$ cat target28.cif   # mmCIF, C-alpha atoms and all ligand atoms
data_data
#
loop_
_atom_site.group_PDB
_atom_site.id
_atom_site.type_symbol
_atom_site.label_atom_id
_atom_site.label_comp_id
_atom_site.auth_asym_id
_atom_site.auth_seq_id
_atom_site.Cartn_x
_atom_site.Cartn_y
_atom_site.Cartn_z
ATOM 1 C CA VAL A 28 -11.782 13.900 -8.980
ATOM 2 C CA GLU A 29 -15.531 13.832 -8.482
ATOM 3 C CA GLY A 30 -15.957 11.139 -5.806
ATOM 4 C CA ASP A 31 -19.282 9.327 -5.850
ATOM 5 C CA SER A 32 -20.450 10.989 -9.050
ATOM 6 C CA ARG A 33 -17.622 9.622 -11.159
ATOM 7 C CA GLY A 34 -18.248 7.810 -14.387
ATOM 8 C CA PRO A 35 -17.996 4.060 -14.889
ATOM 9 C CA LYS A 36 -14.214 3.946 -14.538
ATOM 10 C CA GLY A 37 -14.014 5.100 -10.890
ATOM 11 C CA LEU A 38 -10.860 5.967 -8.958
ATOM 12 C CA ARG A 39 -7.550 4.104 -9.177
ATOM 13 C CA LEU A 40 -5.482 4.991 -6.149
ATOM 14 C CA LEU A 41 -2.255 3.898 -4.473
ATOM 15 C CA LEU A 42 -1.527 4.225 -0.771
ATOM 16 C CA LEU A 43 2.203 4.632 -0.173
ATOM 17 C CA GLY A 44 3.957 5.120 3.144
ATOM 18 C CA ALA A 45 6.245 3.406 5.613
ATOM 19 C CA PRO A 46 5.239 0.335 7.647
ATOM 20 C CA GLY A 47 2.847 1.560 10.325
ATOM 21 C CA SER A 48 2.047 4.850 8.575
ATOM 22 C CA GLY A 49 -1.649 3.922 8.506
ATOM 23 C CA LYS A 50 -2.086 2.656 4.941
ATOM 24 C CA GLY A 51 -4.341 -0.246 5.975
ATOM 25 C CA THR A 52 -6.317 1.923 8.390
ATOM 26 C CA GLN A 53 -6.921 4.590 5.749
ATOM 27 C CA ALA A 54 -7.608 2.051 2.993
ATOM 28 C CA SER A 55 -10.532 0.610 4.927
ATOM 29 C CA ALA A 56 -11.882 4.056 5.845
ATOM 30 C CA LEU A 57 -11.629 5.319 2.269
ATOM 31 C CA SER A 58 -12.781 2.190 0.493
ATOM 32 C CA SER A 59 -16.429 2.515 1.576
ATOM 33 C CA ARG A 60 -16.388 6.301 1.152
ATOM 34 C CA LEU A 61 -15.021 6.067 -2.390
ATOM 35 C CA CYS A 62 -16.852 2.828 -3.306
ATOM 36 C CA VAL A 63 -13.685 1.017 -4.400
ATOM 37 C CA PRO A 64 -12.163 -2.202 -2.994
ATOM 38 C CA ALA A 65 -9.156 -1.856 -0.661
ATOM 39 C CA ILE A 66 -6.467 -4.289 -1.769
ATOM 40 C CA SER A 67 -3.616 -4.924 0.676
ATOM 41 C CA THR A 68 -0.732 -7.001 -0.673
ATOM 42 C CA GLY A 69 0.514 -7.549 2.898
ATOM 43 C CA GLU A 70 -2.905 -8.933 3.865
ATOM 44 C CA MET A 71 -3.014 -11.210 0.805
ATOM 45 C CA LEU A 72 0.456 -12.561 1.604
ATOM 46 C CA ARG A 73 -0.397 -13.157 5.275
ATOM 47 C CA GLU A 74 -3.529 -15.056 4.142
ATOM 48 C CA ALA A 75 -1.404 -17.212 1.824
ATOM 49 C CA VAL A 76 0.865 -18.066 4.770
ATOM 50 C CA ALA A 77 -2.120 -18.848 7.022
ATOM 51 C CA GLU A 78 -3.628 -21.129 4.344
ATOM 52 C CA GLY A 79 -0.303 -22.960 3.935
ATOM 53 C CA SER A 80 -0.499 -22.608 0.122
ATOM 54 C CA GLU A 81 2.558 -23.159 -2.082
ATOM 55 C CA LEU A 82 3.027 -19.370 -2.211
ATOM 56 C CA GLY A 83 2.584 -19.107 1.559
ATOM 57 C CA GLU A 84 5.248 -21.733 2.240
ATOM 58 C CA ARG A 85 7.674 -20.004 -0.115
ATOM 59 C CA ILE A 86 7.290 -16.536 1.417
ATOM 60 C CA SER A 87 6.669 -17.134 5.116
ATOM 61 C CA GLY A 88 10.353 -16.703 6.024
ATOM 62 C CA LEU A 89 10.570 -13.398 4.139
ATOM 63 C CA LEU A 90 7.501 -11.979 5.872
ATOM 64 C CA ALA A 91 8.790 -13.077 9.252
ATOM 65 C CA SER A 92 12.105 -11.311 8.701
ATOM 66 C CA GLY A 93 10.689 -8.072 7.247
ATOM 67 C CA GLU A 94 12.178 -8.590 3.769
ATOM 68 C CA LEU A 95 10.276 -8.013 0.541
ATOM 69 C CA VAL A 96 8.773 -10.787 -1.570
ATOM 70 C CA ASP A 97 10.360 -10.822 -5.045
ATOM 71 C CA ASP A 98 8.953 -8.565 -7.764
ATOM 72 C CA ALA A 99 7.952 -11.374 -10.155
ATOM 73 C CA THR A 100 5.844 -13.100 -7.491
ATOM 74 C CA MET A 101 4.242 -9.794 -6.505
ATOM 75 C CA ARG A 102 3.387 -9.036 -10.106
ATOM 76 C CA GLN A 103 1.470 -12.326 -10.364
ATOM 77 C CA VAL A 104 -0.330 -11.742 -7.068
ATOM 78 C CA VAL A 105 -1.408 -8.212 -8.063
ATOM 79 C CA GLN A 106 -2.248 -9.075 -11.675
ATOM 80 C CA ARG A 107 -4.546 -11.873 -10.488
ATOM 81 C CA ARG A 108 -6.260 -9.607 -7.989
ATOM 82 C CA LEU A 109 -6.741 -6.749 -10.471
ATOM 83 C CA ASP A 110 -8.257 -9.191 -12.968
ATOM 84 C CA LYS A 111 -11.223 -9.672 -10.613
ATOM 85 C CA PRO A 112 -14.387 -7.863 -11.691
ATOM 86 C CA ASP A 113 -14.743 -5.806 -8.488
ATOM 87 C CA THR A 114 -11.831 -3.619 -9.625
ATOM 88 C CA GLU A 115 -13.549 -2.525 -12.850
ATOM 89 C CA ARG A 116 -14.856 0.585 -11.096
ATOM 90 C CA GLY A 117 -11.556 1.414 -9.460
ATOM 91 C CA PHE A 118 -9.432 0.222 -6.548
ATOM 92 C CA MET A 119 -7.190 1.348 -3.741
ATOM 93 C CA LEU A 120 -3.889 -0.531 -3.619
ATOM 94 C CA ASP A 121 -2.250 -0.614 -0.176
ATOM 95 C CA GLY A 122 1.388 -1.758 -0.088
ATOM 96 C CA TYR A 123 2.044 -2.063 -3.817
ATOM 97 C CA PRO A 124 4.199 -0.962 -5.594
ATOM 98 C CA ARG A 125 7.082 -1.170 -3.137
ATOM 99 C CA THR A 126 9.985 -1.062 -5.605
ATOM 100 C CA ILE A 127 10.614 0.868 -8.815
ATOM 101 C CA ASP A 128 10.393 -2.445 -10.692
ATOM 102 C CA GLN A 129 6.948 -3.019 -9.223
ATOM 103 C CA ALA A 130 5.897 0.495 -10.306
ATOM 104 C CA HIS A 131 6.875 -0.360 -13.893
ATOM 105 C CA ALA A 132 5.076 -3.703 -13.618
ATOM 106 C CA LEU A 133 1.918 -1.936 -12.427
ATOM 107 C CA ASP A 134 2.127 0.394 -15.434
ATOM 108 C CA GLU A 135 2.190 -2.637 -17.698
ATOM 109 C CA ILE A 136 -0.674 -4.362 -15.890
ATOM 110 C CA LEU A 137 -2.838 -1.239 -16.138
ATOM 111 C CA SER A 138 -1.895 -0.320 -19.681
ATOM 112 C CA SER A 139 -2.979 -3.763 -20.902
ATOM 113 C CA SER A 140 -6.510 -2.755 -19.847
ATOM 114 C CA GLY A 141 -6.067 0.842 -21.044
ATOM 115 C CA GLU A 142 -6.219 2.274 -17.514
ATOM 116 C CA GLY A 143 -4.144 4.864 -15.662
ATOM 117 C CA LEU A 144 -3.799 5.901 -12.031
ATOM 118 C CA ASP A 145 -5.570 8.905 -10.515
ATOM 119 C CA ALA A 146 -3.264 9.514 -7.534
ATOM 120 C CA ALA A 147 -0.537 8.027 -5.331
ATOM 121 C CA ILE A 148 -1.121 9.058 -1.722
ATOM 122 C CA GLN A 149 1.987 9.210 0.445
ATOM 123 C CA ILE A 150 1.229 9.112 4.199
ATOM 124 C CA GLU A 151 4.086 10.756 6.121
ATOM 125 C CA VAL A 152 4.828 9.787 9.759
ATOM 126 C CA PRO A 153 8.052 10.313 11.779
ATOM 127 C CA GLU A 154 10.094 7.142 12.311
ATOM 128 C CA GLU A 155 9.842 6.957 16.116
ATOM 129 C CA GLU A 156 6.030 7.146 15.882
ATOM 130 C CA LEU A 157 6.116 4.302 13.327
ATOM 131 C CA VAL A 158 8.073 2.116 15.736
ATOM 132 C CA ARG A 159 5.754 3.031 18.623
ATOM 133 C CA ARG A 160 2.641 2.074 16.626
ATOM 134 C CA ALA A 161 4.061 -1.223 15.376
ATOM 135 C CA LEU A 162 5.175 -2.300 18.840
ATOM 136 C CA ALA A 163 1.763 -1.392 20.264
ATOM 137 C CA ARG A 164 0.030 -3.487 17.589
ATOM 138 C CA ARG A 165 1.951 -6.744 18.193
ATOM 139 C CA ARG A 166 1.435 -8.488 14.868
ATOM 140 C CA GLU A 167 3.798 -11.460 14.366
ATOM 141 C CA ASP A 168 6.265 -9.358 12.357
ATOM 142 C CA ASP A 169 6.112 -6.480 14.885
ATOM 143 C CA ARG A 170 9.191 -7.362 16.985
ATOM 144 C CA GLU A 171 11.409 -4.294 17.311
ATOM 145 C CA ASP A 172 14.350 -5.669 15.273
ATOM 146 C CA ILE A 173 11.977 -6.753 12.479
ATOM 147 C CA VAL A 174 10.123 -3.418 12.563
ATOM 148 C CA ARG A 175 13.436 -1.587 12.175
ATOM 149 C CA ARG A 176 14.408 -3.933 9.342
ATOM 150 C CA ARG A 177 11.085 -3.180 7.546
ATOM 151 C CA LEU A 178 11.801 0.551 7.957
ATOM 152 C CA ALA A 179 15.301 0.161 6.507
ATOM 153 C CA VAL A 180 13.917 -1.795 3.530
ATOM 154 C CA TYR A 181 11.335 0.967 3.103
ATOM 155 C CA ARG A 182 13.967 3.741 3.030
ATOM 156 C CA ASP A 183 16.118 1.809 0.603
ATOM 157 C CA LYS A 184 13.618 0.289 -1.845
ATOM 158 C CA THR A 185 10.220 1.914 -1.421
ATOM 159 C CA ARG A 186 10.901 5.587 -0.738
ATOM 160 C CA PRO A 187 12.059 6.098 -4.373
ATOM 161 C CA VAL A 188 8.620 4.933 -5.545
ATOM 162 C CA ALA A 189 7.111 8.187 -4.195
ATOM 163 C CA GLU A 190 9.557 10.171 -6.350
ATOM 164 C CA PHE A 191 8.591 8.048 -9.358
ATOM 165 C CA TYR A 192 4.971 9.208 -8.962
ATOM 166 C CA ARG A 193 5.967 12.774 -8.057
ATOM 167 C CA ASP A 194 7.712 13.010 -11.428
ATOM 168 C CA ARG A 195 4.426 12.050 -13.061
ATOM 169 C CA GLY A 196 2.462 14.654 -11.136
ATOM 170 C CA LEU A 197 0.449 11.967 -9.303
ATOM 171 C CA LEU A 198 1.909 12.245 -5.777
ATOM 172 C CA VAL A 199 -0.308 13.558 -2.977
ATOM 173 C CA GLU A 200 1.497 13.956 0.383
ATOM 174 C CA VAL A 201 -0.532 13.818 3.575
ATOM 175 C CA ASP A 202 0.500 14.315 7.228
ATOM 176 C CA GLY A 203 -0.182 10.928 8.861
ATOM 177 C CA ASP A 204 0.883 12.018 12.348
ATOM 178 C CA GLN A 205 -2.553 13.203 13.406
ATOM 179 C CA PRO A 206 -5.792 11.492 14.503
ATOM 180 C CA ILE A 207 -7.069 8.827 12.076
ATOM 181 C CA VAL A 208 -10.181 10.790 11.034
ATOM 182 C CA ARG A 209 -8.082 13.887 10.304
ATOM 183 C CA VAL A 210 -5.821 11.843 8.031
ATOM 184 C CA THR A 211 -8.899 10.514 6.189
ATOM 185 C CA GLU A 212 -10.239 14.058 5.804
ATOM 186 C CA ALA A 213 -6.881 15.296 4.515
ATOM 187 C CA ILE A 214 -6.810 12.556 1.867
ATOM 188 C CA LEU A 215 -10.405 13.198 0.762
ATOM 189 C CA SER A 216 -9.722 16.906 0.590
ATOM 190 C CA ALA A 217 -6.551 16.365 -1.487
ATOM 191 C CA LEU A 218 -8.613 14.196 -3.849
ATOM 192 C CA GLY A 219 -11.252 16.919 -4.072
ATOM 193 C CA VAL A 220 -13.931 14.734 -2.450
ATOM 194 C CA ALA A 221 -16.127 16.260 0.279
ATOM 195 C CA ALA A 222 -15.481 14.540 3.671
HETATM 196 P P1 LIG A 301 2.191 -4.884 4.906
HETATM 197 O O1 LIG A 301 1.079 -5.559 5.569
HETATM 198 O O2 LIG A 301 1.921 -3.986 3.746
HETATM 199 O O3 LIG A 301 2.985 -4.149 6.052
HETATM 200 P P2 LIG A 301 3.594 -2.710 6.182
HETATM 201 O O4 LIG A 301 3.882 -1.894 4.994
HETATM 202 O O5 LIG A 301 4.730 -3.030 7.057
HETATM 203 O O6 LIG A 301 2.424 -1.948 6.709
HETATM 204 P P3 LIG A 301 1.710 -2.139 8.084
HETATM 205 O O7 LIG A 301 0.540 -3.065 7.914
HETATM 206 O O8 LIG A 301 2.696 -2.450 9.159
HETATM 207 O O9 LIG A 301 1.275 -0.660 8.308
HETATM 208 P P4 LIG A 301 0.179 0.251 7.636
HETATM 209 O O10 LIG A 301 0.840 1.394 6.961
HETATM 210 O O11 LIG A 301 -0.841 -0.534 6.853
HETATM 211 O O12 LIG A 301 -0.467 0.815 8.946
HETATM 212 P P5 LIG A 301 -1.756 0.308 9.754
HETATM 213 O O13 LIG A 301 -2.981 0.922 9.184
HETATM 214 O O14 LIG A 301 -1.702 -1.181 9.895
HETATM 215 O O15 LIG A 301 3.309 -5.926 4.425
HETATM 216 C C1 LIG A 301 3.805 -6.931 5.280
HETATM 217 C C2 LIG A 301 4.936 -7.681 4.598
HETATM 218 O O16 LIG A 301 4.454 -8.258 3.376
HETATM 219 C C3 LIG A 301 6.126 -6.818 4.155
HETATM 220 O O17 LIG A 301 7.047 -6.621 5.208
HETATM 221 C C4 LIG A 301 6.682 -7.657 3.000
HETATM 222 O O18 LIG A 301 7.428 -8.719 3.501
HETATM 223 C C5 LIG A 301 5.441 -8.213 2.343
HETATM 224 N N1 LIG A 301 4.927 -7.375 1.239
HETATM 225 C C6 LIG A 301 3.734 -6.682 1.222
HETATM 226 N N2 LIG A 301 3.588 -6.028 0.057
HETATM 227 C C7 LIG A 301 4.700 -6.296 -0.678
HETATM 228 C C8 LIG A 301 5.147 -5.891 -1.956
HETATM 229 N N3 LIG A 301 4.437 -5.057 -2.717
HETATM 230 N N4 LIG A 301 6.357 -6.336 -2.380
HETATM 231 C C9 LIG A 301 7.103 -7.155 -1.628
HETATM 232 N N5 LIG A 301 6.747 -7.587 -0.388
HETATM 233 C C10 LIG A 301 5.546 -7.166 0.070
HETATM 234 O O19 LIG A 301 -1.462 1.038 11.143
HETATM 235 C C11 LIG A 301 -0.435 0.587 11.999
HETATM 236 C C12 LIG A 301 -0.881 0.781 13.468
HETATM 237 O O20 LIG A 301 -0.990 2.168 13.744
HETATM 238 C C13 LIG A 301 -2.258 0.177 13.771
HETATM 239 O O21 LIG A 301 -2.244 -0.364 15.052
HETATM 240 C C14 LIG A 301 -3.208 1.386 13.682
HETATM 241 O O22 LIG A 301 -4.330 1.248 14.492
HETATM 242 C C15 LIG A 301 -2.312 2.523 14.142
HETATM 243 N N6 LIG A 301 -2.632 3.807 13.483
HETATM 244 C C16 LIG A 301 -2.980 3.993 12.179
HETATM 245 N N7 LIG A 301 -3.188 5.302 11.925
HETATM 246 C C17 LIG A 301 -2.953 5.960 13.106
HETATM 247 C C18 LIG A 301 -2.991 7.341 13.503
HETATM 248 N N8 LIG A 301 -3.318 8.317 12.627
HETATM 249 N N9 LIG A 301 -2.694 7.645 14.770
HETATM 250 C C19 LIG A 301 -2.366 6.669 15.665
HETATM 251 N N10 LIG A 301 -2.323 5.347 15.363
HETATM 252 C C20 LIG A 301 -2.615 4.992 14.104
#
$ encode --input "target28.cif" --output "structure tokens" --more "lines below"
Ligand code: AP5
Amino acid sequence: VEGDSRGPKGLRLLLLGAPGSGKGTQASALSSRLCVPAISTGEMLREAVAEGSELGERISGLLASGELVDDATMRQVVQRRLDKPDTERGFMLDGYPRTIDQAHALDEILSSSGEGLDAAIQIEVPEEELVRRALARRREDDREDIVRRRLAVYRDKTRPVAEFYRDRGLLVEVDGDQPIVRVTEAILSALGVAA
């Protein structure tokens, strides 16, 4: 990984980690540093709900309860976003894939354009710290019972996605229980980019 001096293809990165692990926070810090767009599926879905689109109406109940949106819908949402020209020089996906099915779907989306991933970054944070952060943030889906439901869904459906990328030699694990700038530095260092 050569950071800013990379060729025309740029970096294709995933940010994995439990709800509240700091994926969104790190995605925005890294996006400008690595010159790639940060793409948050959670953010896109919340926007759809706020706009009252057909998609938004269909998924608002799921988001409110901490359940996952179905894989077929997510595939469409991500495919459409990755078709936009700003991803030609790389991207950082925050919150996708969240199931093994989604990981296979992403493979298919990328292989149709002949691209592969450079790394899947797993941000590790202890569960009680995750709950503390979510409750401090007070987003609409940050009620304690919903936060705990999102964590259970994560353990069940999303945790195996990290193993999927470990098996491919793409997993980079980073300690997320430290100050935000230290987490950013740890990710850059793991990618071989000077902080
Ligand atoms: P999404 O928005 O992706 O929510 P999430 O995974 O629950 O992630 P969060 O946004 O809660 O946490 P984060 O890891 O981004 O942490 P953040 O930087 O915000 O998804 C929402 C919903 O959409 C899902 O529940 C699901 O329903 C649906 N969805 C999304 N993608 C989907 C998919 N692929 N398939 C199906 N459904 C999907 O940080 C959290 C807080 O901690 C902030 O207040 C921050 O300031 C603070 N913080 C961050 N880093 C640190 C640090 N190092 N030290 C102290 N505090 C910190």
$ residues_near_ligand --input "target28.cif" --ligand "ligand LIG 301 (chain A)" --cutoff "7 Å" --atoms "all atoms listed in the file" --output "PyMOL selection string"
chain A and resi 44-53+67-70+72+89-90+93-98+101+121-125+160-161+163-164+177+203-207+210
$ write_last_selection --input "target28.cif" --atoms "C-alpha atoms" --output "PDB file, in the coordinates of the input"
ATOM      1  CA  GLY A  44       3.957   5.120   3.144  1.00  0.00           C
ATOM      2  CA  ALA A  45       6.245   3.406   5.613  1.00  0.00           C
ATOM      3  CA  PRO A  46       5.239   0.335   7.647  1.00  0.00           C
ATOM      4  CA  GLY A  47       2.847   1.560  10.325  1.00  0.00           C
ATOM      5  CA  SER A  48       2.047   4.850   8.575  1.00  0.00           C
ATOM      6  CA  GLY A  49      -1.649   3.922   8.506  1.00  0.00           C
ATOM      7  CA  LYS A  50      -2.086   2.656   4.941  1.00  0.00           C
ATOM      8  CA  GLY A  51      -4.341  -0.246   5.975  1.00  0.00           C
ATOM      9  CA  THR A  52      -6.317   1.923   8.390  1.00  0.00           C
ATOM     10  CA  GLN A  53      -6.921   4.590   5.749  1.00  0.00           C
ATOM     11  CA  SER A  67      -3.616  -4.924   0.676  1.00  0.00           C
ATOM     12  CA  THR A  68      -0.732  -7.001  -0.673  1.00  0.00           C
ATOM     13  CA  GLY A  69       0.514  -7.549   2.898  1.00  0.00           C
ATOM     14  CA  GLU A  70      -2.905  -8.933   3.865  1.00  0.00           C
ATOM     15  CA  LEU A  72       0.456 -12.561   1.604  1.00  0.00           C
ATOM     16  CA  LEU A  89      10.570 -13.398   4.139  1.00  0.00           C
ATOM     17  CA  LEU A  90       7.501 -11.979   5.872  1.00  0.00           C
ATOM     18  CA  GLY A  93      10.689  -8.072   7.247  1.00  0.00           C
ATOM     19  CA  GLU A  94      12.178  -8.590   3.769  1.00  0.00           C
ATOM     20  CA  LEU A  95      10.276  -8.013   0.541  1.00  0.00           C
ATOM     21  CA  VAL A  96       8.773 -10.787  -1.570  1.00  0.00           C
ATOM     22  CA  ASP A  97      10.360 -10.822  -5.045  1.00  0.00           C
ATOM     23  CA  ASP A  98       8.953  -8.565  -7.764  1.00  0.00           C
ATOM     24  CA  MET A 101       4.242  -9.794  -6.505  1.00  0.00           C
ATOM     25  CA  ASP A 121      -2.250  -0.614  -0.176  1.00  0.00           C
ATOM     26  CA  GLY A 122       1.388  -1.758  -0.088  1.00  0.00           C
ATOM     27  CA  TYR A 123       2.044  -2.063  -3.817  1.00  0.00           C
ATOM     28  CA  PRO A 124       4.199  -0.962  -5.594  1.00  0.00           C
ATOM     29  CA  ARG A 125       7.082  -1.170  -3.137  1.00  0.00           C
ATOM     30  CA  ARG A 160       2.641   2.074  16.626  1.00  0.00           C
ATOM     31  CA  ALA A 161       4.061  -1.223  15.376  1.00  0.00           C
ATOM     32  CA  ALA A 163       1.763  -1.392  20.264  1.00  0.00           C
ATOM     33  CA  ARG A 164       0.030  -3.487  17.589  1.00  0.00           C
ATOM     34  CA  ARG A 177      11.085  -3.180   7.546  1.00  0.00           C
ATOM     35  CA  GLY A 203      -0.182  10.928   8.861  1.00  0.00           C
ATOM     36  CA  ASP A 204       0.883  12.018  12.348  1.00  0.00           C
ATOM     37  CA  GLN A 205      -2.553  13.203  13.406  1.00  0.00           C
ATOM     38  CA  PRO A 206      -5.792  11.492  14.503  1.00  0.00           C
ATOM     39  CA  ILE A 207      -7.069   8.827  12.076  1.00  0.00           C
ATOM     40  CA  VAL A 210      -5.821  11.843   8.031  1.00  0.00           C
TER      41      VAL A 210
END
$ resolve_selection --input "target28.cif" --expression "the PyMOL selection byres (((chain A and resi 178) around 9) and not hetatm)" --output "list in words"
Ala45, Pro46, Gly93, Glu154, Leu157, Val158, Ile173, Val174, Arg175, Arg176, Arg177, Ala179, Val180, Tyr181, Arg182 and Asp183 of chain A
$ write_last_selection --input "target28.cif" --atoms "C-alpha atoms" --output "PDB file, in the frame of the given file"
ATOM      1  CA  ALA A  45       6.245   3.406   5.613  1.00  0.00           C
ATOM      2  CA  PRO A  46       5.239   0.335   7.647  1.00  0.00           C
ATOM      3  CA  GLY A  93      10.689  -8.072   7.247  1.00  0.00           C
ATOM      4  CA  GLU A 154      10.094   7.142  12.311  1.00  0.00           C
ATOM      5  CA  LEU A 157       6.116   4.302  13.327  1.00  0.00           C
ATOM      6  CA  VAL A 158       8.073   2.116  15.736  1.00  0.00           C
ATOM      7  CA  ILE A 173      11.977  -6.753  12.479  1.00  0.00           C
ATOM      8  CA  VAL A 174      10.123  -3.418  12.563  1.00  0.00           C
ATOM      9  CA  ARG A 175      13.436  -1.587  12.175  1.00  0.00           C
ATOM     10  CA  ARG A 176      14.408  -3.933   9.342  1.00  0.00           C
ATOM     11  CA  ARG A 177      11.085  -3.180   7.546  1.00  0.00           C
ATOM     12  CA  ALA A 179      15.301   0.161   6.507  1.00  0.00           C
ATOM     13  CA  VAL A 180      13.917  -1.795   3.530  1.00  0.00           C
ATOM     14  CA  TYR A 181      11.335   0.967   3.103  1.00  0.00           C
ATOM     15  CA  ARG A 182      13.967   3.741   3.030  1.00  0.00           C
ATOM     16  CA  ASP A 183      16.118   1.809   0.603  1.00  0.00           C
TER      17      ASP A 183
END
$ closest_residue --input "target28.cif" --among "A:Gly37, A:Pro153, A:Gly196, A:Gly83" --to "Phe118 in chain A" --atoms "only C-alpha atoms"
A:Gly37
$ resolve_selection --input "target28.cif" --expression "the PyMOL selection byres (((chain A and resi 39) around 6) and not hetatm)" --output "PyMOL selection string"
chain A and resi 38+40+117-118+144-145
$ atom_distance --input "target28.cif" --atom1 "CA of Leu109 in chain A" --atom2 "CA of Ile127 in chain A"
19.0 Å
$ residues_around --input "target28.cif" --residues "Leu61 in chain A" --least-positions-apart "3" --cutoff "12 Å" --atoms "only C-alpha atoms" --output "compact mmCIF listing (two decimals) with C-alpha atoms, in the coordinates of the input"
# COMPACT_ATOMS: atom_id res chain seq x y z
CA VAL A 28 -11.78 13.90 -8.98
CA GLU A 29 -15.53 13.83 -8.48
CA GLY A 30 -15.96 11.14 -5.81
CA ASP A 31 -19.28 9.33 -5.85
CA SER A 32 -20.45 10.99 -9.05
CA ARG A 33 -17.62 9.62 -11.16
CA GLY A 37 -14.01 5.10 -10.89
CA LEU A 38 -10.86 5.97 -8.96
CA ARG A 39 -7.55 4.10 -9.18
CA LEU A 40 -5.48 4.99 -6.15
CA GLN A 53 -6.92 4.59 5.75
CA ALA A 54 -7.61 2.05 2.99
CA SER A 55 -10.53 0.61 4.93
CA ALA A 56 -11.88 4.06 5.84
CA LEU A 57 -11.63 5.32 2.27
CA SER A 58 -12.78 2.19 0.49
CA PRO A 64 -12.16 -2.20 -2.99
CA ALA A 65 -9.16 -1.86 -0.66
CA ARG A 116 -14.86 0.58 -11.10
CA GLY A 117 -11.56 1.41 -9.46
CA PHE A 118 -9.43 0.22 -6.55
CA MET A 119 -7.19 1.35 -3.74
CA THR A 211 -8.90 10.51 6.19
CA ILE A 214 -6.81 12.56 1.87
CA LEU A 215 -10.40 13.20 0.76
CA LEU A 218 -8.61 14.20 -3.85
CA GLY A 219 -11.25 16.92 -4.07
CA VAL A 220 -13.93 14.73 -2.45
CA ALA A 221 -16.13 16.26 0.28
CA ALA A 222 -15.48 14.54 3.67
$ closest_residue --input "target28.cif" --among "A:Glu167, A:Asp134, A:Glu155, A:Glu74" --to "Tyr192 in chain A" --atoms "all atoms listed in the file"
A:Asp134
$ atom_distance --input "target28.cif" --atom1 "CA of Asp194 in chain A" --atom2 "CA of Glu212 in chain A"
24.9 Å
